[in-house]
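Shown here: target-v8.csv, CSV, C-alpha atoms.
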```csv
chain,number,residue,atom,x,y,z
X,490,MET,CA,79.8,73.7,88.5
X,491,THR,CA,77.7,75.8,86.3
X,492,GLY,CA,77.1,79.5,86.8
X,493,ALA,CA,73.5,78.8,87.6
X,494,GLU,CA,74.4,76.5,90.4
X,495,ARG,CA,77.0,78.9,91.8
X,496,ASN,CA,74.7,81.9,91.6
X,497,PRO,CA,71.1,80.9,92.2
X,498,ALA,CA,68.6,83.4,90.7
X,499,PRO,CA,67.9,86.2,93.2
X,500,PRO,CA,64.4,86.2,94.7
X,501,ALA,CA,61.9,88.6,93.0
X,502,ILE,CA,62.2,91.9,95.0
X,503,GLY,CA,59.9,94.8,94.2
X,504,PHE,CA,61.4,98.0,93.1
X,505,ALA,CA,59.9,100.0,95.9
X,506,PRO,CA,61.3,97.7,98.7
X,507,LEU,CA,64.7,97.9,97.0
X,508,VAL,CA,64.8,101.7,97.1
X,509,ALA,CA,63.4,101.7,100.6
X,510,ALA,CA,66.1,99.2,101.8
X,511,PHE,CA,68.9,101.4,100.4
X,512,LEU,CA,67.5,104.6,101.7
X,513,ARG,CA,67.4,103.0,105.1
X,514,LEU,CA,71.0,101.7,104.8
X,515,GLY,CA,72.3,105.1,103.7
X,516,GLY,CA,70.6,106.7,106.7
X,517,THR,CA,71.9,104.2,109.3
X,518,SER,CA,75.4,103.0,108.3
X,519,PHE,CA,77.4,105.2,110.6
X,520,GLY,CA,81.2,105.1,110.8
X,521,GLY,CA,82.0,104.0,107.2
X,522,GLY,CA,82.5,100.3,106.4
X,523,THR,CA,79.3,100.3,104.3
X,524,ALA,CA,80.2,96.9,102.8
X,525,GLY,CA,79.8,95.4,106.2
X,526,TRP,CA,76.4,97.0,106.8
X,527,LEU,CA,75.3,95.8,103.3
X,528,HIS,CA,76.4,92.2,104.1
X,529,ARG,CA,74.3,92.2,107.3
X,530,GLU,CA,71.3,93.7,105.7
X,531,MET,CA,71.2,92.1,102.2
X,532,VAL,CA,72.6,88.6,103.1
X,533,LEU,CA,71.9,88.0,106.8
X,534,ARG,CA,68.7,89.9,107.5
X,535,ARG,CA,66.8,90.0,104.2
X,536,GLY,CA,68.4,87.1,102.3
X,537,TRP,CA,68.1,89.0,99.0
X,538,ILE,CA,71.7,88.0,98.0
X,539,ASP,CA,73.3,84.7,98.9
X,540,GLU,CA,76.6,84.5,100.7
X,541,GLN,CA,78.7,83.3,97.8
X,542,SER,CA,77.4,85.9,95.4
X,543,PHE,CA,78.1,88.6,97.9
X,544,PHE,CA,81.7,87.7,98.3
X,545,ALA,CA,82.2,87.2,94.5
X,546,MET,CA,81.0,90.8,94.1
X,547,LEU,CA,83.3,92.0,96.9
X,548,ALA,CA,86.2,90.3,95.1
X,549,LEU,CA,85.3,92.0,91.9
X,550,GLY,CA,85.2,95.3,93.8
X,551,GLN,CA,88.7,94.8,95.0
X,552,VAL,CA,90.2,95.5,91.6
X,553,MET,CA,88.0,98.4,90.9
X,554,PRO,CA,88.3,102.0,92.2
X,555,GLY,CA,85.7,103.6,94.4
X,556,SER,CA,84.2,103.2,97.8
X,557,ASN,CA,83.3,99.5,98.6
X,558,GLY,CA,79.8,100.5,99.7
X,559,VAL,CA,79.1,102.2,96.4
X,560,LYS,CA,80.5,99.4,94.4
X,561,MET,CA,78.5,96.8,96.3
X,562,THR,CA,75.4,98.9,96.0
X,563,VAL,CA,75.7,99.1,92.2
X,564,LEU,CA,76.4,95.4,92.0
X,565,ILE,CA,73.5,94.3,94.3
X,566,GLY,CA,71.1,96.8,92.6
X,567,GLU,CA,72.1,95.4,89.2
X,568,ARG,CA,71.6,91.8,90.2
X,569,LEU,CA,68.2,92.5,91.7
X,570,HIS,CA,66.8,94.9,89.2
X,571,GLY,CA,69.2,95.5,86.3
X,572,ALA,CA,70.4,98.9,85.3
X,573,ALA,CA,67.4,100.7,86.8
X,574,GLY,CA,68.0,98.8,90.1
X,575,ALA,CA,71.6,99.8,90.1
X,576,ALA,CA,70.8,103.5,89.6
X,577,ALA,CA,67.9,103.5,92.1
X,578,ALA,CA,70.0,101.7,94.8
X,579,LEU,CA,72.9,104.2,94.4
X,580,ALA,CA,70.6,107.2,94.5
X,581,GLY,CA,68.9,105.7,97.6
X,582,LEU,CA,72.2,105.0,99.3
X,583,LEU,CA,73.5,108.6,98.8
X,584,ALA,CA,70.4,110.7,99.3
X,585,VAL,CA,70.1,110.6,103.1
X,586,PRO,CA,73.8,111.0,103.9
X,587,PHE,CA,74.0,113.9,101.4
X,588,ALA,CA,71.1,115.7,103.2
X,589,ILE,CA,72.5,114.9,106.7
X,590,VAL,CA,76.0,116.1,105.9
X,591,LEU,CA,74.9,119.4,104.4
X,592,ALA,CA,72.7,119.9,107.5
X,593,LEU,CA,75.8,119.3,109.6
X,594,GLY,CA,77.7,121.7,107.4
X,595,ALA,CA,75.1,124.4,107.9
X,596,VAL,CA,75.3,124.0,111.6
X,597,TYR,CA,79.1,124.1,111.4
X,598,ALA,CA,78.9,127.3,109.4
X,599,GLY,CA,76.9,128.9,112.3
X,600,TYR,CA,79.0,127.6,115.2
X,601,GLY,CA,82.3,126.6,113.5
X,602,GLU,CA,84.3,129.4,115.0
X,603,HIS,CA,83.7,128.1,118.5
X,604,PRO,CA,86.9,126.5,119.8
X,605,LEU,CA,85.0,123.7,121.6
X,606,VAL,CA,83.5,122.7,118.2
X,607,HIS,CA,87.0,122.4,116.8
X,608,ALA,CA,88.1,120.3,119.8
X,609,MET,CA,85.2,117.9,119.4
X,610,LEU,CA,85.7,117.6,115.6
X,611,ASP,CA,89.4,116.9,116.2
X,612,GLY,CA,88.4,114.1,118.5
X,613,VAL,CA,86.0,112.6,116.0
X,614,ALA,CA,88.7,112.9,113.3
X,615,ALA,CA,91.3,111.1,115.4
X,616,ALA,CA,88.9,108.1,116.0
X,617,VAL,CA,88.1,107.9,112.3
X,618,ILE,CA,91.8,108.1,111.3
X,619,GLY,CA,92.3,105.2,113.7
X,620,LEU,CA,89.5,103.3,111.8
X,621,THR,CA,91.3,104.1,108.5
X,622,PHE,CA,94.7,102.9,109.8
X,623,ALA,CA,93.1,99.7,111.2
X,624,SER,CA,91.4,99.0,107.9
X,625,GLY,CA,94.7,99.5,106.0
X,626,LEU,CA,96.6,97.2,108.4
X,627,HIS,CA,93.8,94.6,108.4
X,628,GLY,CA,93.8,94.6,104.6
X,629,LEU,CA,97.6,94.1,104.6
X,630,VAL,CA,97.5,91.2,107.1
X,631,ARG,CA,94.5,89.4,105.7
X,632,GLY,CA,94.4,90.5,102.1
X,633,ALA,CA,98.0,90.4,101.1
X,634,PRO,CA,100.4,88.6,103.5
X,635,GLY,CA,104.1,88.3,102.7
X,636,LEU,CA,107.3,90.4,102.7
X,637,ALA,CA,106.8,91.7,99.1
X,638,ALA,CA,103.3,93.0,100.0
X,639,TRP,CA,104.6,94.8,103.1
X,640,ALA,CA,107.4,96.3,100.9
X,641,ILE,CA,104.9,97.5,98.3
X,642,ALA,CA,102.6,98.9,101.0
X,643,GLY,CA,105.5,100.6,102.7
X,644,ALA,CA,106.6,102.2,99.4
X,645,THR,CA,103.1,103.4,98.8
X,646,VAL,CA,103.0,105.0,102.3
X,647,LEU,CA,106.4,106.6,101.8
X,648,CYS,CA,105.6,108.1,98.3
X,649,VAL,CA,102.0,109.2,98.9
X,650,GLY,CA,101.8,109.7,102.7
X,651,VAL,CA,105.2,111.0,103.6
X,652,LEU,CA,106.7,112.5,100.4
X,653,ARG,CA,103.2,113.6,99.2
X,654,TRP,CA,103.8,112.6,95.6
X,655,PRO,CA,100.7,112.6,93.4
X,656,LEU,CA,98.7,109.4,93.5
X,657,LEU,CA,98.5,108.6,89.8
X,658,PRO,CA,102.2,108.1,88.9
X,659,VAL,CA,102.8,106.3,92.2
X,660,VAL,CA,100.0,103.8,91.5
X,661,ALA,CA,100.9,103.5,87.8
X,662,GLY,CA,104.5,102.7,88.8
X,663,LEU,CA,103.8,100.3,91.7
X,664,ALA,CA,100.8,98.4,90.3
X,665,PRO,CA,102.6,96.5,87.5
X,666,LEU,CA,105.5,95.7,89.8
X,667,SER,CA,103.2,94.4,92.6
X,668,VAL,CA,100.9,92.4,90.2
X,669,GLY,CA,104.1,91.0,88.5
X,670,LEU,CA,105.5,89.9,91.9
X,671,ALA,CA,102.1,88.3,92.8
X,672,PHE,CA,102.0,86.5,89.5
X,673,ALA,CA,105.6,85.2,89.9
X,674,ALA,CA,104.9,84.1,93.5
X,675,ALA,CA,101.8,82.2,92.3
X,676,ARG,CA,103.9,80.4,89.6
X,677,ARG,CA,106.6,79.4,92.0
X,678,GLY,CA,104.2,78.0,94.6
O,1204,MET,CA,80.0,136.4,89.5
O,1205,ARG,CA,78.0,133.8,87.6
O,1206,ASP,CA,81.0,133.0,85.4
O,1207,GLY,CA,83.1,132.6,88.6
O,1208,ALA,CA,80.6,130.2,90.0
O,1209,GLY,CA,80.5,128.2,86.8
O,1210,ASP,CA,84.2,128.0,86.7
O,1211,ILE,CA,84.3,126.6,90.3
O,1212,LEU,CA,81.7,123.9,89.3
O,1213,VAL,CA,83.8,122.8,86.4
O,1214,ALA,CA,86.9,122.8,88.6
O,1215,LEU,CA,85.1,120.6,91.1
O,1216,GLY,CA,84.1,118.2,88.4
O,1217,LEU,CA,87.6,118.0,87.0
O,1218,MET,CA,89.0,117.4,90.4
O,1219,PHE,CA,86.7,114.7,91.7
O,1220,ALA,CA,85.8,112.7,88.6
O,1221,PRO,CA,89.4,111.5,88.0
O,1222,LEU,CA,89.8,110.8,91.7
O,1223,SER,CA,86.7,108.6,91.5
O,1224,LEU,CA,88.6,106.3,89.1
O,1225,LEU,CA,91.8,106.4,91.2
O,1226,SER,CA,90.3,105.5,94.6
O,1227,PHE,CA,91.5,101.9,94.7
O,1228,GLY,CA,90.7,100.5,98.1
O,1229,GLY,CA,87.9,103.1,98.8
O,1230,GLY,CA,87.4,106.8,99.0
O,1231,ASN,CA,90.1,107.2,101.7
O,1232,ALA,CA,92.7,106.2,99.2
O,1233,VAL,CA,92.5,109.6,97.5
O,1234,LEU,CA,92.2,111.6,100.8
O,1235,ALA,CA,95.8,112.8,100.4
O,1236,ASP,CA,95.0,114.2,97.0
O,1237,ILE,CA,91.7,115.8,98.1
O,1238,ALA,CA,93.5,117.5,100.9
O,1239,THR,CA,96.3,118.9,98.7
O,1240,GLN,CA,93.9,120.1,96.0
O,1241,SER,CA,91.3,121.7,98.3
O,1242,ILE,CA,93.8,123.4,100.5
O,1243,ALA,CA,96.9,124.3,98.5
O,1244,VAL,CA,95.8,124.2,94.8
O,1245,HIS,CA,92.2,125.7,94.8
O,1246,HIS,CA,92.1,127.4,98.2
O,1247,TRP,CA,88.5,126.2,98.8
O,1248,THR,CA,89.2,125.5,102.4
O,1249,SER,CA,91.9,126.4,105.0
O,1250,ARG,CA,93.7,123.6,106.8
O,1251,ARG,CA,91.5,124.2,109.8
O,1252,GLU,CA,88.3,124.0,107.7
O,1253,PHE,CA,89.5,120.9,105.9
O,1254,ALA,CA,90.1,119.1,109.2
O,1255,ASP,CA,86.6,120.1,110.5
O,1256,LEU,CA,84.9,119.1,107.2
O,1257,PHE,CA,86.6,115.8,107.3
O,1258,ALA,CA,85.3,115.1,110.8
O,1259,LEU,CA,81.8,116.3,109.9
O,1260,SER,CA,81.8,114.0,106.8
O,1261,ARG,CA,82.5,111.1,109.2
O,1262,ALA,CA,79.8,112.1,111.7
O,1263,ALA,CA,77.2,111.5,108.9
O,1264,PRO,CA,76.2,107.9,107.9
O,1265,GLY,CA,76.7,106.5,104.4
O,1266,PRO,CA,79.4,105.2,102.1
O,1267,GLY,CA,83.0,106.1,102.9
O,1268,SER,CA,83.0,109.8,102.8
O,1269,MET,CA,80.6,112.6,102.1
O,1270,LEU,CA,83.6,114.8,102.2
O,1271,ALA,CA,83.2,115.6,98.5
O,1272,ALA,CA,79.7,117.0,99.2
O,1273,LEU,CA,81.1,119.3,102.0
O,1274,ILE,CA,84.1,120.5,99.9
O,1275,GLY,CA,81.8,121.2,97.0
O,1276,TRP,CA,79.3,123.0,99.3
O,1277,GLN,CA,82.1,125.1,100.8
O,1278,ALA,CA,83.4,126.0,97.3
O,1279,ALA,CA,80.1,126.7,95.5
O,1280,GLY,CA,77.0,126.1,97.7
O,1281,ILE,CA,74.4,123.4,97.0
O,1282,ALA,CA,75.2,123.2,93.3
O,1283,GLY,CA,78.8,122.6,94.2
O,1284,ALA,CA,77.8,119.9,96.7
O,1285,LEU,CA,75.8,118.1,93.9
O,1286,VAL,CA,78.5,118.4,91.3
O,1287,ALA,CA,81.3,117.2,93.6
O,1288,THR,CA,79.2,114.3,94.9
O,1289,LEU,CA,78.1,113.1,91.5
O,1290,SER,CA,81.6,113.5,90.0
O,1291,PHE,CA,83.1,111.6,92.9
O,1292,TYR,CA,80.7,108.6,92.8
O,1293,LEU,CA,79.3,108.2,89.3
O,1294,PRO,CA,82.4,107.4,87.2
O,1295,GLY,CA,83.4,104.6,89.5
O,1296,ALA,CA,79.8,103.3,89.7
O,1297,VAL,CA,79.5,103.2,85.9
O,1298,LEU,CA,82.9,101.4,85.7
O,1299,VAL,CA,82.0,98.7,88.2
O,1300,TYR,CA,78.6,98.3,86.4
O,1301,GLY,CA,80.4,97.6,83.2
O,1302,ALA,CA,82.9,95.3,84.8
O,1303,ALA,CA,80.2,93.2,86.4
O,1304,ARG,CA,79.1,92.3,82.9
O,1305,VAL,CA,82.5,91.0,81.7
O,1306,TRP,CA,83.7,89.6,85.1
O,1307,GLY,CA,82.6,86.0,84.4
O,1308,ARG,CA,85.1,85.6,81.6
O,1309,TRP,CA,88.1,86.5,83.8
O,1310,ARG,CA,87.3,84.5,86.9
O,1311,GLY,CA,89.8,81.7,87.5
O,1312,SER,CA,92.5,82.9,85.3
O,1313,PRO,CA,95.9,83.2,87.0
O,1314,TRP,CA,96.5,86.9,86.1
O,1315,HIS,CA,93.1,87.8,87.6
O,1316,ALA,CA,94.2,86.3,90.9
O,1317,ALA,CA,97.5,88.1,90.6
O,1318,VAL,CA,95.8,91.5,89.9
O,1319,GLU,CA,93.7,91.0,93.1
O,1320,ARG,CA,96.7,90.0,95.2
O,1321,GLY,CA,98.9,92.7,93.7
O,1322,MET,CA,96.5,95.6,94.2
O,1323,ALA,CA,95.8,94.7,97.8
O,1324,PRO,CA,99.0,96.1,99.4
O,1325,ILE,CA,98.7,99.3,97.3
O,1326,ALA,CA,95.2,99.7,98.5
O,1327,ALA,CA,96.3,99.2,102.1
O,1328,GLY,CA,99.2,101.6,101.7
O,1329,LEU,CA,96.8,104.3,100.3
O,1330,LEU,CA,94.5,103.9,103.2
O,1331,VAL,CA,97.3,104.5,105.7
O,1332,SER,CA,98.5,107.5,103.5
O,1333,GLY,CA,95.1,109.0,103.6
O,1334,GLY,CA,95.1,108.9,107.4
O,1335,ILE,CA,98.5,110.5,107.5
O,1336,ALA,CA,97.4,113.3,105.2
O,1337,VAL,CA,94.5,114.2,107.4
O,1338,LEU,CA,96.7,114.1,110.5
O,1339,ARG,CA,99.1,116.5,108.8
O,1340,ALA,CA,96.4,118.9,107.8
O,1341,SER,CA,95.0,118.9,111.4
O,1342,PRO,CA,96.2,121.9,113.5
O,1343,ALA,CA,95.6,119.8,116.7
O,1344,GLY,CA,99.2,118.4,116.6
O,1345,TRP,CA,100.5,115.5,118.6
O,1346,PRO,CA,97.4,114.8,120.7
O,1347,GLU,CA,95.6,114.1,117.4
O,1348,TRP,CA,98.3,111.6,116.4
O,1349,ALA,CA,98.3,110.0,119.8
O,1350,ALA,CA,94.5,109.6,119.8
O,1351,ALA,CA,94.5,108.2,116.3
O,1352,LEU,CA,97.1,105.6,117.2
O,1353,ILE,CA,95.2,104.6,120.3
O,1354,ALA,CA,92.0,104.2,118.2
O,1355,THR,CA,94.0,102.1,115.7
O,1356,VAL,CA,95.3,99.8,118.4
O,1357,ALA,CA,91.9,99.5,120.0
O,1358,LEU,CA,90.2,98.6,116.7
O,1359,LEU,CA,92.9,96.0,115.8
O,1360,ARG,CA,92.7,94.5,119.3
O,1361,TRP,CA,88.9,94.4,119.3
O,1362,PRO,CA,87.7,94.0,115.7
O,1363,ARG,CA,84.0,93.9,116.7
O,1364,LEU,CA,84.2,97.2,118.4
O,1365,HIS,CA,81.5,99.5,117.0
O,1366,PRO,CA,82.9,102.7,115.5
O,1367,VAL,CA,80.2,105.1,116.8
O,1368,PRO,CA,81.2,104.9,120.6
O,1369,LEU,CA,84.8,105.4,119.5
O,1370,LEU,CA,83.8,108.6,117.6
O,1371,LEU,CA,81.8,109.9,120.6
O,1372,GLY,CA,84.7,108.9,122.9
O,1373,GLY,CA,87.1,110.9,120.7
O,1374,ALA,CA,84.8,114.0,120.8
O,1375,ALA,CA,84.4,113.7,124.6
O,1376,LEU,CA,88.1,113.3,125.2
O,1377,PHE,CA,89.1,116.4,123.1
O,1378,LEU,CA,86.3,118.4,124.6
O,1379,LEU,CA,87.7,117.6,128.1
O,1380,LEU,CA,91.2,118.4,127.0
O,1381,ALA,CA,90.0,121.8,125.7
O,1382,VAL,CA,88.1,122.7,128.8
O,1383,LEU,CA,90.9,121.7,131.3
```

As structure tokens - that is how I would like this structure written.
Amino acid sequence: MTGAERNPAPPAIGFAPLVAAFLRLGGTSFGGGTAGWLHREMVLRRGWIDEQSFFAMLALGQVMPGSNGVKMTVLIGERLHGAAGAAAALAGLLAVPFAIVLALGAVYAGYGEHPLVHAMLDGVAAAVIGLTFASGLHGLVRGAPGLAAWAIAGATVLCVGVLRWPLLPVVAGLAPLSVGLAFAAARRG
Amino acid sequence: MRDGAGDILVALGLMFAPLSLLSFGGGNAVLADIATQSIAVHHWTSRREFADLFALSRAAPGPGSMLAALIGWQAAGIAGALVATLSFYLPGAVLVYGAARVWGRWRGSPWHAAVERGMAPIAAGLLVSGGIAVLRASPAGWPEWAAALIATVALLRWPRLHPVPLLLGGAALFLLLAVL
């Protein structure tokens, strides 16, 4: 299969519709999980990106740092309109949430001392932490099954979450070990 | 005063830009580090403020977390918000842009698959650690842990559950607990 067959040329999308689409996405994708929102909008609703290309990009994003939504936005923008498309899509994605979050911050500065505000924000935070835990466990079950993967994940939680060691040395130490184990496992079976 | 403000902007950039390149598995992966640096190292927020800003950042739409914008805003106003946001998102964006151009050569090689599989459990562990870091920073104590675990179980049990009703439900529940 050639690259052209696997990744059909994307349809010609105007620059303005591209920016408008990402502005809209930035303003509506509540609750995190931007990659899921992008999939619905770009693949299912608009058909700007085909299914296969989308998941190839998502796989590329797996080994790169950064928020999935931001990575996917850069990759989709690049595919539809090159470097300028990537920059415009990213700016579009970030502009509305940036404005909204600062507006919320300003309201908080005015009413933040009220105990009921604290209570409500604690409730929101608890739900979002649940979302984070669920994503982590989901990633472990679907993205990396196996005893070795659970051990590596457990070691990561112990070092960073419980012992509060700095991130960089922990990742630098565990990454080669984990990749080596995955490599060995692939060779065996 | 101006020098002080400039120093804070530089400190914000130096804190968030490296985290941008370390956030494997998404922005939540570096939550633990953002909490430590904002609260204990730089004293930009108290524990109470950090917990509130975290919740605010999730009440807004958009990618992962606008927490960087709020921390920057708290530390140095609008300029701080801009510097923190750009530092947190641009380095990773440039990196993934560059990687997109060389990716074709790697696809299909056995070590490429090994890197993907090997990084996945670390990313998952960092996600969980980020949640623990926020729970520890929160002054609400055990009700917060309990509510977070209930939300976790609910989301695992019903994967299609939309997050927004859950956020509103959490807010309503804690409001009720505070009033009673």

O:Gln1240, O:Thr1248, O:Ser1226, O:Ser1290: which is nearest Asn557 of chain X, counting all atoms listed in the file?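 Nearest candidate to Asn557 of chain X out of O:Gln1240, O:Thr1248, O:Ser1226, O:Ser1290: O:Ser1226.
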
Could you please tell me, as a VMD selection string, which residues of chain X have an atom within 6 Å of chain O when using all atoms listed in the file? chain X and resid 515 to 521 523 552 554 to 558 586 590 608 to 610 612 to 616 618 to 619 622 to 623 625 628 to 629 633 638 642 645 to 646 650 667 to 668 671 to 672

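What separates atom CA of Gly662 of chain X from atom CA of Gly643 of chain X is a distance of 14.1 Å.
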
Counting only C-alpha atoms, which residue out of X:Phe544, X:Leu564, X:Val630, X:His570 sits closest to Leu507 of chain X?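 Nearest to Leu507 of chain X: X:His570.
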
When you look at Val1286 of chain O with a cut-off of 7 Å (counting all atoms listed in the file), what residues show up, excluding the ones that are within fewer than 6 positions of it in the same chain? I need them as a list in words.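 Everything that qualifies: Leu1212, Leu1215 and Gly1216 of chain O.
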
With C-alpha atoms retained, write the just-selected residues as a PDB file, keeping the file's coordinate frame.
```pdb
ATOM      1  CA  LEU O1212      81.700 123.900  89.300  1.00  0.00           C
ATOM      2  CA  LEU O1215      85.100 120.600  91.100  1.00  0.00           C
ATOM      3  CA  GLY O1216      84.100 118.200  88.400  1.00  0.00           C
TER       4      GLY O1216
END
```
